[in-house]
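Let me begin by presenting the structure, written as structure tokens, before commenting on it.
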Amino acid sequence: ANAAPLDGGSGGGLYVSGGGNDLLVADCIFSNNNAFYGGGMGAGATCIVVNCDFVGNTGVPAAGGLSNGGDGEFRNCTFRNNTGTQIGGGVFDASADGRYVGCVFFANNTTVVGGGGAGAYVNYGSPSFENCVFAANSTVWCGGAVIALNGVAAFMDCTFYGNSAANQAGALLIQENGYPTLQNCILWGNSAPIGPVIHTVNGGTPSVTYTCIQGGWGGAGNIASDPSFESPGDPEGLDGLFRTSDDGLALGAGSPCIDAGTSSGAPAEDITGK
């Protein structure tokens with residue numbers, strides 16, 4: 001457990017800056033650190049982060065797990081139980097083109113009215129999320145899983161389940177010039193008084209295709225049928241590990257989502273390697 005100054009410091013556990021070759025960070029655990037931005041890690045330059053866990057970190061006011069301002073890649077990382085008091089409980093991706101592949105955003109939160117994006121808060125740039133899971137994230141305001149403010153965030157083969165907002169947008173809040181795309185995704189079991197799934201404020205428009213979305217949404221290939229998860233109340237499965245064959249958010253036999261997506265641009269495997 002480490003701390004960066006809470007009056008402007010970034011990266012309580014690790015801060016990456018400068019240029020040159022990409023830094024590789026692998027098989028690390030960032031736990032119970034805190035900072036102004038990026039309680040677990042602050043990435044101000046391009047880096048590659050693989051198989052890392054960000055657990056129980058705090059950003060005051062933002063980015064409990066990770067603050068990313070570079071064009072790095074984050075692969076098979078887990079952001080769990082992190083807090084961004086105002087925005088970005090798990091991740092704050094700002095003016096960057098970060099790539100998140102096979103990442104899990106689980107039980108992160110924001111705690112200040114007026115903020116949100118408990119799983120991830122993306123602002124400007126074109127970050128991409130591929131084969132990611134957003135589950136059980138919560139906020140006292142808006143965007144239980146994600147806030148997309150400005151920019152063009154892309155979500156491919158992602159699952160949003162059991163996220164909640166006390167005000168608006170249980171899964172995804174889109175603000176101003178945010179134009180996110182969602183393809184081959186599942187949004188189910190999310191909750192909020194206003195816009196329990198997707199909600200837009202002050203402009204911004206999502207492109208949603210080949211997606212299973214509770215309540216329905218216009219777009220090619222979209223469906224609104226229960227995805228029939230194996231065991232949604234236990235996302236990690238019996239082994240207590242994400243990205244394994246017994247994950248509770250795997251599709252059960254006969255799920256209407258099986259073979260319902262498009263292969264165009266889709267990854268060859270799902271988050272469990274199938």
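Ligands are numbered from 1 in the order shown, residues from 1 within each chain, and chains are lettered A, B, ... in the order they appear in the structure tokens.
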Which residues, written as an mmCIF file with N, CA, C and O atoms, in the first residue's frame, have at least one atom at most 8 Å from Ala166 (chain A), with only C-alpha atoms counted and residues fewer than 5 positions away on the same chain left out?
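Final output, saved to out_21.cif:
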data_model
loop_
_atom_site.group_PDB
_atom_site.id
_atom_site.type_symbol
_atom_site.label_atom_id
_atom_site.label_comp_id
_atom_site.auth_asym_id
_atom_site.auth_seq_id
_atom_site.Cartn_x
_atom_site.Cartn_y
_atom_site.Cartn_z
ATOM 1 N N THR A 139 -22.433 3.191 -8.717
ATOM 2 C CA THR A 139 -22.165 4.610 -8.484
ATOM 3 C C THR A 139 -23.362 5.247 -7.807
ATOM 4 O O THR A 139 -24.507 4.834 -8.025
ATOM 5 N N VAL A 140 -23.102 6.261 -7.002
ATOM 6 C CA VAL A 140 -24.197 6.996 -6.369
ATOM 7 C C VAL A 140 -24.789 8.024 -7.322
ATOM 8 O O VAL A 140 -25.726 8.741 -6.964
ATOM 9 N N TRP A 141 -24.263 8.080 -8.577
ATOM 10 C CA TRP A 141 -24.799 9.071 -9.501
ATOM 11 C C TRP A 141 -25.072 8.448 -10.870
ATOM 12 O O TRP A 141 -26.094 7.820 -11.051
ATOM 13 N N CYS A 142 -24.176 8.549 -11.836
ATOM 14 C CA CYS A 142 -24.483 8.135 -13.209
ATOM 15 C C CYS A 142 -23.415 7.205 -13.779
ATOM 16 O O CYS A 142 -22.242 7.312 -13.438
ATOM 17 N N ALA A 192 -30.979 1.440 -13.008
ATOM 18 C CA ALA A 192 -30.930 2.858 -12.644
ATOM 19 C C ALA A 192 -32.343 3.409 -12.759
ATOM 20 O O ALA A 192 -33.133 2.933 -13.593
ATOM 21 N N PRO A 193 -32.716 4.413 -11.941
ATOM 22 C CA PRO A 193 -34.051 5.003 -12.061
ATOM 23 C C PRO A 193 -34.321 5.602 -13.434
ATOM 24 O O PRO A 193 -35.444 5.543 -13.937
#
Between region 98-144 of chain A and region 60-83 of chain A, at 9 Å or less, what are the per-residue closest atom pairs and their distances in Å? Count only C-alpha atoms, order by chain and rising residue number, and return it as a Markdown table.
| residue | atom | partner | partner_atom | distance |
| --- | --- | --- | --- | --- |
| A:Gly98 | CA | A:Asp71 | CA | 4.6 |
| A:Arg99 | CA | A:Glu73 | CA | 4.7 |
| A:Tyr100 | CA | A:Phe74 | CA | 4.8 |
| A:Val101 | CA | A:Arg75 | CA | 4.7 |
| A:Gly102 | CA | A:Asn76 | CA | 4.6 |
| A:Cys103 | CA | A:Cys77 | CA | 4.8 |
| A:Val104 | CA | A:Thr78 | CA | 4.7 |
| A:Phe105 | CA | A:Phe79 | CA | 4.9 |
| A:Phe106 | CA | A:Arg80 | CA | 4.8 |
| A:Ala107 | CA | A:Asn81 | CA | 5.0 |
| A:Asn108 | CA | A:Asn81 | CA | 4.5 |
| A:Asn109 | CA | A:Thr83 | CA | 5.1 |
| A:Thr110 | CA | A:Thr83 | CA | 5.6 |
| A:Thr111 | CA | A:Thr83 | CA | 7.6 |
| A:Val112 | CA | A:Pro61 | CA | 8.9 |
| A:Ala118 | CA | A:Thr83 | CA | 7.7 |
| A:Gly119 | CA | A:Phe79 | CA | 8.2 |
| A:Ala120 | CA | A:Ala63 | CA | 8.3 |
| A:Tyr121 | CA | A:Ala63 | CA | 8.2 |
| A:Pro127 | CA | A:Asp71 | CA | 8.3 |
| A:Cys132 | CA | A:Asn76 | CA | 8.8 |
| A:Asn137 | CA | A:Asn81 | CA | 8.5 |
* To do: Return as number ranges by chain the full set of residues in region 73-250 of chain A whose backbone-based DSSP assignment is strand (DSSP E or B).
  => A: 73-75, 78-80, 83-84, 87, 91-96, 99-101, 104-106, 109-110, 116, 120-125, 128-130, 133-135, 138-139, 142, 146-151, 154-156, 159-161, 164-165, 168, 172-178, 181-183, 186-188, 191, 194, 198-201, 207-209, 212-213, 223, 229
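Each of A:Gly252, A:Cys158, A:Ile147, A:Asn190 was compared to Ala266 (chain A) using only C-alpha atoms, and A:Cys158 turns out to be the nearest.
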* To do: Could you please determine the separation between CA of Ile213 (chain A) and CA of Asp93 (chain A) in Å, to one decimal place?
  =>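 Rounded to one decimal, the two atoms are 24.7 Å apart.
Coordinates place CA of Ile271 (chain A) at a distance of 23.2 Å from CA of Ile198 (chain A).
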* So which residues touch Leu172 (chain A) within 9 Å, counting only C-alpha atoms, skipping near sequence neighbours fewer than 6 positions away, as number ranges by chain? -> A: 117, 142-148, 160, 195-200
